[in-house]
>>> print(open('protein.cif').read())   # mmCIF, C-alpha atoms and all ligand atoms
data_structure
loop_
_atom_site.label_atom_id
_atom_site.label_comp_id
_atom_site.auth_asym_id
_atom_site.auth_seq_id
_atom_site.Cartn_x
_atom_site.Cartn_y
_atom_site.Cartn_z
CA ILE A 206 124.60 128.75 32.90
CA THR A 207 121.48 128.50 30.77
CA ILE A 208 120.38 125.19 29.32
CA LEU A 209 117.79 124.49 26.66
CA GLY A 210 116.25 121.05 26.94
CA ILE A 211 114.52 119.28 24.07
CA GLU A 212 112.31 116.20 24.32
CA SER A 213 110.78 114.37 21.35
CA SER A 214 110.96 110.67 22.21
CA CYS A 215 107.31 109.80 21.69
CA ASP A 216 104.27 111.98 20.98
CA ASP A 217 105.04 115.11 23.00
CA THR A 218 107.16 117.87 21.52
CA ALA A 219 108.68 119.72 24.45
CA ALA A 220 111.26 122.39 25.22
CA ALA A 221 112.37 123.91 28.52
CA VAL A 222 114.92 126.41 29.76
CA ILE A 223 116.72 126.23 33.08
CA ARG A 224 119.22 128.67 34.50
CA ASP A 225 121.50 127.38 37.25
CA GLU A 226 119.13 124.55 38.16
CA VAL A 227 116.06 126.79 38.29
CA LEU A 228 113.32 126.20 35.73
CA LEU A 229 112.44 129.27 33.68
CA SER A 230 110.04 127.77 31.17
CA ASN A 231 108.55 124.41 30.28
CA ILE A 232 106.50 124.09 27.09
CA ILE A 233 104.78 120.93 25.91
CA SER A 234 102.80 120.37 22.77
CA SER A 235 100.92 117.08 23.05
CA GLN A 236 99.98 115.61 19.71
CA LYS A 237 96.27 115.06 19.29
CA VAL A 238 96.44 113.20 15.94
CA HIS A 239 96.89 109.81 17.65
CA GLU A 240 93.68 109.80 19.67
CA SER A 241 91.50 108.47 16.88
CA TYR A 242 93.94 105.61 16.26
CA GLY A 243 93.93 104.35 19.84
CA GLY A 244 97.71 104.59 20.09
CA VAL A 245 100.72 106.51 18.85
CA VAL A 246 101.29 106.25 15.09
CA PRO A 247 105.07 106.66 14.64
CA GLU A 248 104.91 108.23 11.17
CA LEU A 249 102.40 110.86 12.28
CA ALA A 250 104.36 111.53 15.48
CA SER A 251 107.51 112.25 13.54
CA ARG A 252 105.70 114.60 11.18
CA ALA A 253 103.98 116.46 14.03
CA HIS A 254 107.35 116.90 15.79
CA GLN A 255 108.68 118.55 12.65
CA GLN A 256 105.79 120.98 12.67
CA ASN A 257 105.95 121.69 16.39
CA ILE A 258 109.60 121.85 17.26
CA ILE A 259 110.40 125.39 16.13
CA PRO A 260 107.31 127.04 17.66
CA VAL A 261 107.77 125.07 20.89
CA VAL A 262 111.44 126.02 21.28
CA ASP A 263 110.59 129.59 20.36
CA GLU A 264 107.91 129.78 23.00
CA ALA A 265 110.17 128.22 25.65
CA LEU A 266 112.83 130.87 25.01
CA LYS A 267 110.27 133.70 24.99
CA LYS A 268 108.62 132.55 28.17
CA ALA A 269 112.03 132.27 29.85
CA GLY A 270 113.00 135.71 28.64
CA VAL A 271 116.14 134.24 27.11
CA THR A 272 117.58 134.97 23.68
CA LYS A 273 119.28 132.29 21.56
CA ASP A 274 122.67 133.82 22.24
CA GLU A 275 122.23 133.40 25.98
CA ILE A 276 121.96 129.60 25.75
CA THR A 277 125.06 127.95 27.20
CA ALA A 278 124.35 124.40 26.03
CA ILE A 279 121.60 122.19 24.62
CA ALA A 280 120.36 118.94 26.15
CA PHE A 281 118.30 116.58 24.00
CA THR A 282 116.70 113.18 24.43
CA ARG A 283 118.76 110.67 22.50
CA GLY A 284 116.71 107.60 23.42
CA PRO A 285 115.00 105.30 24.10
CA GLY A 286 111.86 106.10 22.12
CA LEU A 287 110.48 106.10 18.62
CA MET A 288 113.28 106.45 16.08
CA GLY A 289 111.42 108.86 13.80
CA SER A 290 110.47 111.06 16.75
CA LEU A 291 113.93 111.04 18.29
CA LEU A 292 115.49 111.99 14.96
CA VAL A 293 113.57 115.27 14.87
CA GLY A 294 114.69 116.46 18.32
CA THR A 295 118.23 115.18 17.83
CA SER A 296 118.65 116.82 14.43
CA PHE A 297 117.16 120.07 15.64
CA ALA A 298 119.47 120.13 18.68
CA LYS A 299 122.50 119.47 16.52
CA GLY A 300 121.54 122.17 14.04
CA LEU A 301 120.99 124.77 16.72
CA ALA A 302 124.13 123.81 18.65
CA ALA A 303 126.19 124.06 15.46
CA ALA A 304 124.67 127.40 14.54
CA LEU A 305 125.29 128.84 18.00
CA ASP A 306 128.62 127.05 18.40
CA ILE A 307 127.72 125.66 21.83
CA PRO A 308 128.05 122.16 23.34
CA MET A 309 125.35 119.48 23.50
CA MET A 310 124.51 116.86 26.08
CA ASP A 311 122.72 113.64 25.03
CA ILE A 312 120.15 112.49 27.56
CA ASN A 313 118.72 109.07 28.35
CA HIS A 314 114.95 109.52 28.49
CA LEU A 315 114.46 107.08 31.36
CA GLN A 316 117.15 108.65 33.52
CA ALA A 317 115.51 111.99 32.77
CA HIS A 318 112.19 110.71 34.16
CA VAL A 319 114.04 109.87 37.39
CA LEU A 320 115.89 113.19 37.49
CA ALA A 321 112.56 115.04 37.19
CA HIS A 322 112.74 114.97 40.98
CA PHE A 323 115.56 117.50 40.85
CA ILE A 324 113.71 120.16 38.87
CA LYS A 325 113.71 123.34 40.93
CA GLU A 326 110.96 125.88 40.44
CA ASP A 327 112.83 128.41 42.55
CA LYS A 328 116.09 128.63 44.41
CA GLU A 329 114.52 127.82 47.77
CA ASP A 330 113.08 124.57 46.43
CA THR A 331 114.99 122.00 48.52
CA ASN A 332 112.58 119.11 48.70
CA GLN A 333 114.74 116.75 46.67
CA PRO A 334 115.68 113.14 47.25
CA SER A 335 119.03 112.32 48.80
CA PHE A 336 121.18 109.44 47.57
CA PRO A 337 120.83 106.56 47.51
CA PHE A 338 117.09 106.33 46.92
CA LEU A 339 114.81 103.87 45.21
CA CYS A 340 112.80 105.02 42.24
CA LEU A 341 109.81 103.22 40.79
CA LEU A 342 109.76 104.26 37.15
CA VAL A 343 106.39 103.52 35.64
CA SER A 344 105.61 104.84 32.19
CA GLY A 345 104.07 103.88 28.89
CA GLY A 346 107.06 101.78 27.89
CA ASN A 347 108.81 100.87 31.12
CA SER A 348 108.31 99.57 34.63
CA GLN A 349 111.52 99.51 36.60
CA ILE A 350 112.84 99.59 40.12
CA ILE A 351 116.01 101.65 40.14
CA VAL A 352 118.60 102.25 42.84
CA VAL A 353 119.62 105.85 42.26
CA LYS A 354 123.14 106.31 43.61
CA SER A 355 123.88 109.72 42.12
CA HIS A 356 122.63 111.99 39.35
CA LYS A 357 124.44 109.73 36.92
CA GLU A 358 124.69 106.33 38.51
CA MET A 359 121.49 104.35 38.38
CA GLU A 360 121.18 100.61 38.80
CA ILE A 361 118.09 98.88 37.45
CA ILE A 362 117.39 96.03 39.87
CA GLY A 363 114.02 95.01 38.46
CA GLN A 364 112.01 95.58 35.34
CA THR A 365 109.07 94.26 33.41
CA ILE A 366 109.65 91.13 31.38
CA ASP A 367 106.76 91.99 29.04
CA ASP A 368 104.27 94.90 29.19
CA ALA A 369 104.79 98.09 31.15
CA ALA A 370 102.33 99.27 33.82
CA GLY A 371 101.18 102.12 31.58
CA GLU A 372 100.60 99.65 28.79
CA ALA A 373 98.48 97.51 31.10
CA PHE A 374 96.31 100.55 31.83
CA ASP A 375 96.12 101.51 28.15
CA LYS A 376 95.45 98.04 26.76
CA CYS A 377 92.79 97.16 29.32
CA ALA A 378 91.13 100.53 28.70
CA LYS A 379 91.11 99.77 25.01
CA VAL A 380 89.44 96.41 25.66
CA MET A 381 86.71 98.29 27.54
CA GLY A 382 86.39 100.75 24.68
CA LEU A 383 87.42 103.70 26.83
CA GLY A 384 89.73 105.67 24.53
CA TYR A 385 93.40 106.56 24.50
CA PRO A 386 95.52 107.07 26.52
CA GLY A 387 93.63 104.82 28.87
CA GLY A 388 95.54 105.44 32.11
CA PRO A 389 93.94 108.77 33.05
CA ILE A 390 90.46 107.55 31.98
CA VAL A 391 90.75 104.39 34.09
CA ASN A 392 91.98 106.52 36.99
CA LYS A 393 88.97 108.83 36.78
CA LEU A 394 86.43 106.00 36.62
CA ALA A 395 88.26 104.08 39.35
CA ASN A 396 87.70 106.97 41.74
CA GLN A 397 83.97 106.18 41.64
CA GLY A 398 84.27 102.40 41.79
CA ASN A 399 84.76 99.56 44.26
CA PRO A 400 88.34 98.23 44.05
CA ASP A 401 87.44 94.96 45.79
CA ARG A 402 84.57 94.00 43.53
CA PHE A 403 86.58 91.94 41.03
CA LYS A 404 89.74 89.91 41.63
CA PHE A 405 92.41 89.47 38.99
CA ASN A 406 95.41 87.19 39.25
CA LYS A 407 98.78 88.62 40.16
CA PRO A 408 101.93 87.20 38.54
CA HIS A 409 104.42 85.08 40.46
CA ILE A 410 107.86 86.17 39.43
CA ALA A 411 111.09 85.91 41.35
CA GLY A 412 113.17 88.91 42.39
CA TYR A 413 112.13 92.45 41.60
CA ASP A 414 110.92 91.93 38.05
CA TYR A 415 107.41 92.70 36.86
CA SER A 416 105.01 91.15 34.38
CA PHE A 417 101.73 92.65 33.19
CA SER A 418 100.82 90.67 30.09
CA GLY A 419 99.09 87.95 32.12
CA LEU A 420 96.86 90.51 33.78
CA LYS A 421 95.89 91.94 30.42
CA THR A 422 94.97 88.48 29.13
CA SER A 423 92.99 87.45 32.19
CA PHE A 424 91.15 90.80 32.08
CA LEU A 425 90.29 90.16 28.43
CA TYR A 426 89.02 86.61 29.05
CA PHE A 427 87.06 87.69 32.10
CA LEU A 428 85.24 90.37 30.08
CA ARG A 429 84.66 88.00 27.17
CA ASP A 430 82.93 85.50 29.46
CA GLU A 431 80.83 88.13 31.20
CA LEU A 432 79.80 89.71 27.91
CA LYS A 433 78.39 86.37 26.77
CA ASN A 434 75.85 86.53 29.59
CA ASP A 435 75.28 90.26 29.48
CA PRO A 436 76.28 92.44 26.52
CA GLY A 437 75.90 95.52 28.74
CA PHE A 438 78.35 94.20 31.37
CA ILE A 439 81.15 96.69 30.73
CA GLU A 440 78.89 99.72 30.60
CA LYS A 441 77.12 98.74 33.84
CA ASN A 442 80.31 97.95 35.73
CA LYS A 443 82.98 100.18 34.28
CA GLU A 444 83.68 102.05 37.52
CA ASP A 445 84.17 98.83 39.51
CA LEU A 446 86.15 97.24 36.66
CA CYS A 447 88.51 100.22 36.53
CA ALA A 448 88.86 100.41 40.32
CA SER A 449 89.61 96.68 40.59
CA LEU A 450 92.05 96.75 37.67
CA GLN A 451 93.84 99.80 39.05
CA LYS A 452 94.11 98.22 42.49
CA THR A 453 95.62 95.05 41.01
CA ILE A 454 98.23 97.01 39.04
CA ILE A 455 99.15 99.10 42.09
CA ASP A 456 99.38 96.03 44.34
CA ILE A 457 101.72 94.35 41.86
CA LEU A 458 103.91 97.48 41.71
CA MET A 459 104.02 98.07 45.45
CA ASP A 460 104.65 94.42 46.45
CA LYS A 461 108.00 94.36 44.63
CA LEU A 462 108.93 97.89 45.61
CA ARG A 463 108.30 97.11 49.28
CA LYS A 464 110.42 93.98 48.97
CA ALA A 465 113.26 95.96 47.41
CA ALA A 466 113.08 98.69 50.05
CA LYS A 467 113.19 96.09 52.80
CA ASP A 468 115.99 93.98 51.31
CA LEU A 469 118.20 96.97 50.56
CA ASN A 470 117.18 98.83 53.68
CA ILE A 471 116.44 102.02 51.77
CA LYS A 472 113.68 104.21 53.15
CA GLU A 473 113.82 107.04 50.67
CA VAL A 474 111.50 106.10 47.82
CA ALA A 475 110.43 108.02 44.72
CA VAL A 476 108.06 107.41 41.86
CA ALA A 477 108.42 108.72 38.31
CA GLY A 478 106.97 108.39 34.81
CA GLY A 479 103.47 108.87 33.41
CA VAL A 480 101.78 106.33 35.67
CA SER A 481 102.96 108.27 38.73
CA ALA A 482 100.12 110.66 37.90
CA ASN A 483 97.76 107.91 39.08
CA SER A 484 95.97 108.98 42.25
CA GLY A 485 95.68 105.42 43.56
CA LEU A 486 99.42 104.91 43.21
CA ARG A 487 100.05 108.24 44.95
CA ASP A 488 97.78 107.16 47.80
CA ALA A 489 99.67 103.86 48.04
CA PHE A 490 102.90 105.81 48.44
CA GLU A 491 101.34 107.91 51.21
CA ASP A 492 100.19 104.70 52.95
CA HIS A 493 103.64 103.18 52.73
CA SER A 494 105.15 106.35 54.09
CA LYS A 495 102.92 106.09 57.16
CA LYS A 496 103.24 102.33 57.59
CA TYR A 497 106.93 101.80 56.85
CA GLY A 498 108.41 105.21 57.60
CA TRP A 499 109.35 105.85 53.97
CA LYS A 500 110.39 109.32 52.98
CA ILE A 501 108.51 109.58 49.72
CA HIS A 502 108.95 111.75 46.63
CA ILE A 503 106.00 112.20 44.28
CA PRO A 504 106.49 114.48 41.28
CA LYS A 505 104.16 117.31 40.37
CA PHE A 506 101.70 116.24 37.68
CA GLY A 507 103.45 118.24 34.97
CA TYR A 508 106.68 116.34 35.56
CA THR A 509 105.21 112.82 35.45
CA THR A 510 104.62 112.42 31.71
CA ASP A 511 107.12 113.46 29.06
CA ASN A 512 108.51 116.97 29.43
CA ALA A 513 111.69 118.84 28.61
CA ALA A 514 112.33 120.25 32.10
CA MET A 515 113.59 116.81 33.11
CA VAL A 516 115.84 116.74 30.06
CA ALA A 517 117.23 120.20 30.82
CA ILE A 518 118.03 119.35 34.45
CA SER A 519 119.69 116.09 33.34
CA GLY A 520 121.75 118.17 30.92
CA TYR A 521 122.72 120.52 33.72
CA TYR A 522 124.41 117.69 35.64
CA LYS A 523 126.22 116.49 32.54
CA TYR A 524 127.37 120.03 31.81
CA GLN A 525 128.84 120.26 35.31
CA ASP A 526 131.07 117.28 34.49
CA ASN A 527 131.88 118.37 30.94
CA GLU A 528 130.09 115.34 29.54
CA PHE A 529 129.33 116.56 26.06
CA CYS A 530 128.32 114.62 22.99
CA GLU A 531 129.61 114.73 19.45
CA MET A 532 127.81 115.85 16.30
CA ASP A 533 127.57 112.26 15.06
CA ALA A 534 125.61 111.05 18.11
CA ALA A 535 122.79 108.95 16.62
CA PRO A 536 119.49 108.45 18.42
CA PHE A 537 118.77 105.01 19.83
CA ALA A 538 115.30 103.46 19.93
CA ARG A 539 116.08 100.86 22.57
CA VAL A 540 118.41 100.55 25.49
CA THR A 541 121.20 98.20 24.63
CA VAL A 542 123.04 96.78 27.60
P1 LIG A 601 108.60 105.81 28.18
O1 LIG A 601 108.92 106.94 29.09
O2 LIG A 601 108.70 104.47 28.84
O3 LIG A 601 109.30 105.88 26.89
P2 LIG A 601 106.20 107.24 27.58
O4 LIG A 601 107.10 108.40 27.56
O5 LIG A 601 105.25 107.01 26.46
O6 LIG A 601 107.03 105.92 27.82
P3 LIG A 601 104.97 108.55 29.78
O7 LIG A 601 104.63 109.73 28.95
O8 LIG A 601 105.93 108.71 30.88
O9 LIG A 601 105.35 107.29 28.90
O10 LIG A 601 103.62 107.98 30.39
C1 LIG A 601 102.52 107.67 29.60
C2 LIG A 601 101.75 106.55 30.29
O11 LIG A 601 101.25 107.02 31.55
C3 LIG A 601 100.55 106.08 29.49
O12 LIG A 601 100.56 104.68 29.46
C4 LIG A 601 99.37 106.62 30.28
O13 LIG A 601 98.21 105.83 30.20
C5 LIG A 601 99.93 106.59 31.70
N1 LIG A 601 99.20 107.48 32.60
C6 LIG A 601 99.12 108.84 32.56
N2 LIG A 601 98.31 109.30 33.54
C7 LIG A 601 97.88 108.21 34.23
C8 LIG A 601 97.03 107.99 35.36
N3 LIG A 601 96.44 108.99 35.98
N4 LIG A 601 96.83 106.72 35.77
C9 LIG A 601 97.44 105.69 35.16
N5 LIG A 601 98.24 105.81 34.09
C10 LIG A 601 98.46 107.04 33.63
FE FE A 602 108.51 109.01 28.91
#
>>> encode(input="protein.cif", output="structure tokens")
Amino acid sequence: ITILGIESSCDDTAAAVIRDEVLLSNIISSQKVHESYGGVVPELASRAHQQNIIPVVDEALKKAGVTKDEITAIAFTRGPGLMGSLLVGTSFAKGLAAALDIPMMDINHLQAHVLAHFIKEDKEDTNQPSFPFLCLLVSGGNSQIIVVKSHKEMEIIGQTIDDAAGEAFDKCAKVMGLGYPGGPIVNKLANQGNPDRFKFNKPHIAGYDYSFSGLKTSFLYFLRDELKNDPGFIEKNKEDLCASLQKTIIDILMDKLRKAAKDLNIKEVAVAGGVSANSGLRDAFEDHSKKYGWKIHIPKFGYTTDNAAMVAISGYYKYQDNEFCEMDAAPFARVTV
């Protein structure tokens, strides 16, 4: 079976084709219009999706060497995400499915980030997590600890009560005047800095939940005070600031994850979402693997941020169980429990 996956939840227009679990093509068009605004502008995102979706799908099919008539089913991201963005991918998927008279599978974007671990680049690719495993999902909008029991059954045991980890990176970067998205910029500067130079408070929250808004505020106040004494403080110390900030975020993430792994006695641990591109977080996973005997799963860089390969593979599992969606399936911006 051949599945076309479509992702348009935020500011990346993406399409991918898989055939029997194996990835044939994976095309992403990242929107550049938002950079000068320091964040994603929903209206512009939606408009850019409209411009990109046909060329992106076209290229995905071409690269895969697949014609429209060879597509067995279409998987699309239904939510969560930006409503205007989701509408473009959803409407396009429906139109194409109707025209080709093939079934559709609606995909939860967050589950898709987790299932990115099951993308196969070739048939011999067997390095996939076995169930149950823990997944730390850290992206621009979410920070969750998930017990993954099967391709479909995922239990969120902890999540952020305010900002996501990616947001903490982005907002603190913005405060330093570093540009958007801040995560990769902070990561790069952090590589040249001293992570123990500055100390920032970590939140005290029960269970496996996270909180990052306090860190953002204390970072802001700290800089404000330092800038009073020395207007060049940020410029002079940006490497150490980034390294210390990154270390604090990673420590917060790993403390809870380690607790969950210990309490539940699960030693297979994965990481997913845009922040899993962070080299410090990847190193922390390697350390935990050595120290605690974790079997770790770290996605390839291309599968950390938004992509359609993860949507296509999620669709593949739904297709196996005949879990199709109807033409009136409306996108959802938020997860409603
Ligand atoms: P969600 O999936 O929750 O809807 P999203 O799709 O916008 O959110 P992703 O695309 O998965 O999020 O991830 C984007 C986030 O990842 C941004 O906050 C970005 O700063 C962060 N990020 C990307 N690379 C790195 C990095 N190397 N270090 C830290 N953060 C990073
Ligand atoms: Fe995402």
>>> residues_near_ligand(input="protein.cif", ligand="ligand LIG 601 (chain A)", cutoff="7 Å", atoms="all atoms listed in the file", output="PyMOL selection string")
chain A and resi 214-215+285-286+314-315+344-347+371-372+374-375+386-389+391-392+478-484+509-511
>>> closest_residue(input="protein.cif", among="A:Phe537, A:Tyr413, A:Tyr497, A:Tyr508", to="ligand FE 602 (chain A)", atoms="all atoms listed in the file")
A:Tyr508
>>> closest_residue(input="protein.cif", among="A:Ala304, A:Asn396, A:Gly412, A:Val246", to="Ile366 in chain A", atoms="all atoms listed in the file")
A:Gly412
>>> residues_around(input="protein.cif", residues="range 516-533 of chain A", least_positions_apart="3", cutoff="9 Å", atoms="only C-alpha atoms", output="PyMOL selection string")
chain A and resi 206-212+220-228+278-282+299+303+308-314+316-318+320-321+323-325+356-357+512-513
>>> atom_distance(input="protein.cif", atom1="CA of Ala219 in chain A", atom2="CA of Gly294 in chain A")
9.2 Å
>>> closest_residue(input="protein.cif", among="A:Asp217, A:Asp263, A:Asp327, A:Glu473", to="ligand FE 602 (chain A)", atoms="only C-alpha atoms and all ligand atoms")
A:Asp217
>>> closest_residue(input="protein.cif", among="A:Gly244, A:Pro337, A:Gly485, A:Pro400", to="Asn470 in chain A", atoms="all atoms listed in the file")
A:Pro337
>>> atom_distance(input="protein.cif", atom1="CA of Lys404 in chain A", atom2="CA of Asn434 in chain A")
18.7 Å
>>> atom_distance(input="protein.cif", atom1="CA of Leu305 in chain A", atom2="CA of Ser251 in chain A")
24.7 Å
>>> residues_around(input="protein.cif", residues="Ser335 in chain A", least_positions_apart="2", cutoff="10 Å", atoms="only C-alpha atoms", output="compact mmCIF listing (two decimals) with C-alpha atoms, in the frame of the given file")
# COMPACT_ATOMS: atom_id res chain seq x y z
CA ASN A 332 112.58 119.11 48.70
CA GLN A 333 114.74 116.75 46.67
CA PRO A 337 120.83 106.56 47.51
CA PHE A 338 117.09 106.33 46.92
CA VAL A 353 119.62 105.85 42.26
CA LYS A 354 123.14 106.31 43.61
CA SER A 355 123.88 109.72 42.12
CA GLU A 473 113.82 107.04 50.67
CA VAL A 474 111.50 106.10 47.82
>>> closest_residue(input="protein.cif", among="A:Leu339, A:Ile439, A:Ile232, A:Leu292", to="Pro260 in chain A", atoms="all atoms listed in the file")
A:Ile232
>>> closest_residue(input="protein.cif", among="A:His239, A:Asn231, A:Asp274, A:Glu360", to="Val262 in chain A", atoms="all atoms listed in the file")
A:Asn231
>>> residues_around(input="protein.cif", residues="Gln349 in chain A", least_positions_apart="4", cutoff="10 Å", atoms="only C-alpha atoms", output="list in words")
Leu315, Cys340, Leu341, Leu342, Val343, Ser344, Glu360, Ile361, Ile362, Gly363, Gln364, Thr365, Ala369, Ala370, Tyr413, Asp414, Tyr415, Leu458, Leu462 and Ala477 of chain A
>>> residues_around(input="protein.cif", residues="Ala448 in chain A", least_positions_apart="6", cutoff="6 Å", atoms="only C-alpha atoms", output="list in words")
Ala395, Gly398, Asn399 and Pro400 of chain A
>>> residues_around(input="protein.cif", residues="His493 in chain A", least_positions_apart="3", cutoff="12 Å", atoms="only C-alpha atoms", output="JSON, numbers by chain")
{"A": [456, 459, 460, 462, 463, 466, 467, 472, 473, 474, 475, 486, 487, 488, 489, 490, 496, 497, 498, 499, 500, 501, 502]}
>>> write_last_selection(input="protein.cif", atoms="C-alpha atoms", output="PDB file, in the coordinates of the input")
ATOM      1  CA  ASP A 456      99.380  96.030  44.340  1.00  0.00           C
ATOM      2  CA  MET A 459     104.020  98.070  45.450  1.00  0.00           C
ATOM      3  CA  ASP A 460     104.650  94.420  46.450  1.00  0.00           C
ATOM      4  CA  LEU A 462     108.930  97.890  45.610  1.00  0.00           C
ATOM      5  CA  ARG A 463     108.300  97.110  49.280  1.00  0.00           C
ATOM      6  CA  ALA A 466     113.080  98.690  50.050  1.00  0.00           C
ATOM      7  CA  LYS A 467     113.190  96.090  52.800  1.00  0.00           C
ATOM      8  CA  LYS A 472     113.680 104.210  53.150  1.00  0.00           C
ATOM      9  CA  GLU A 473     113.820 107.040  50.670  1.00  0.00           C
ATOM     10  CA  VAL A 474     111.500 106.100  47.820  1.00  0.00           C
ATOM     11  CA  ALA A 475     110.430 108.020  44.720  1.00  0.00           C
ATOM     12  CA  LEU A 486      99.420 104.910  43.210  1.00  0.00           C
ATOM     13  CA  ARG A 487     100.050 108.240  44.950  1.00  0.00           C
ATOM     14  CA  ASP A 488      97.780 107.160  47.800  1.00  0.00           C
ATOM     15  CA  ALA A 489      99.670 103.860  48.040  1.00  0.00           C
ATOM     16  CA  PHE A 490     102.900 105.810  48.440  1.00  0.00           C
ATOM     17  CA  LYS A 496     103.240 102.330  57.590  1.00  0.00           C
ATOM     18  CA  TYR A 497     106.930 101.800  56.850  1.00  0.00           C
ATOM     19  CA  GLY A 498     108.410 105.210  57.600  1.00  0.00           C
ATOM     20  CA  TRP A 499     109.350 105.850  53.970  1.00  0.00           C
ATOM     21  CA  LYS A 500     110.390 109.320  52.980  1.00  0.00           C
ATOM     22  CA  ILE A 501     108.510 109.580  49.720  1.00  0.00           C
ATOM     23  CA  HIS A 502     108.950 111.750  46.630  1.00  0.00           C
TER      24      HIS A 502
END
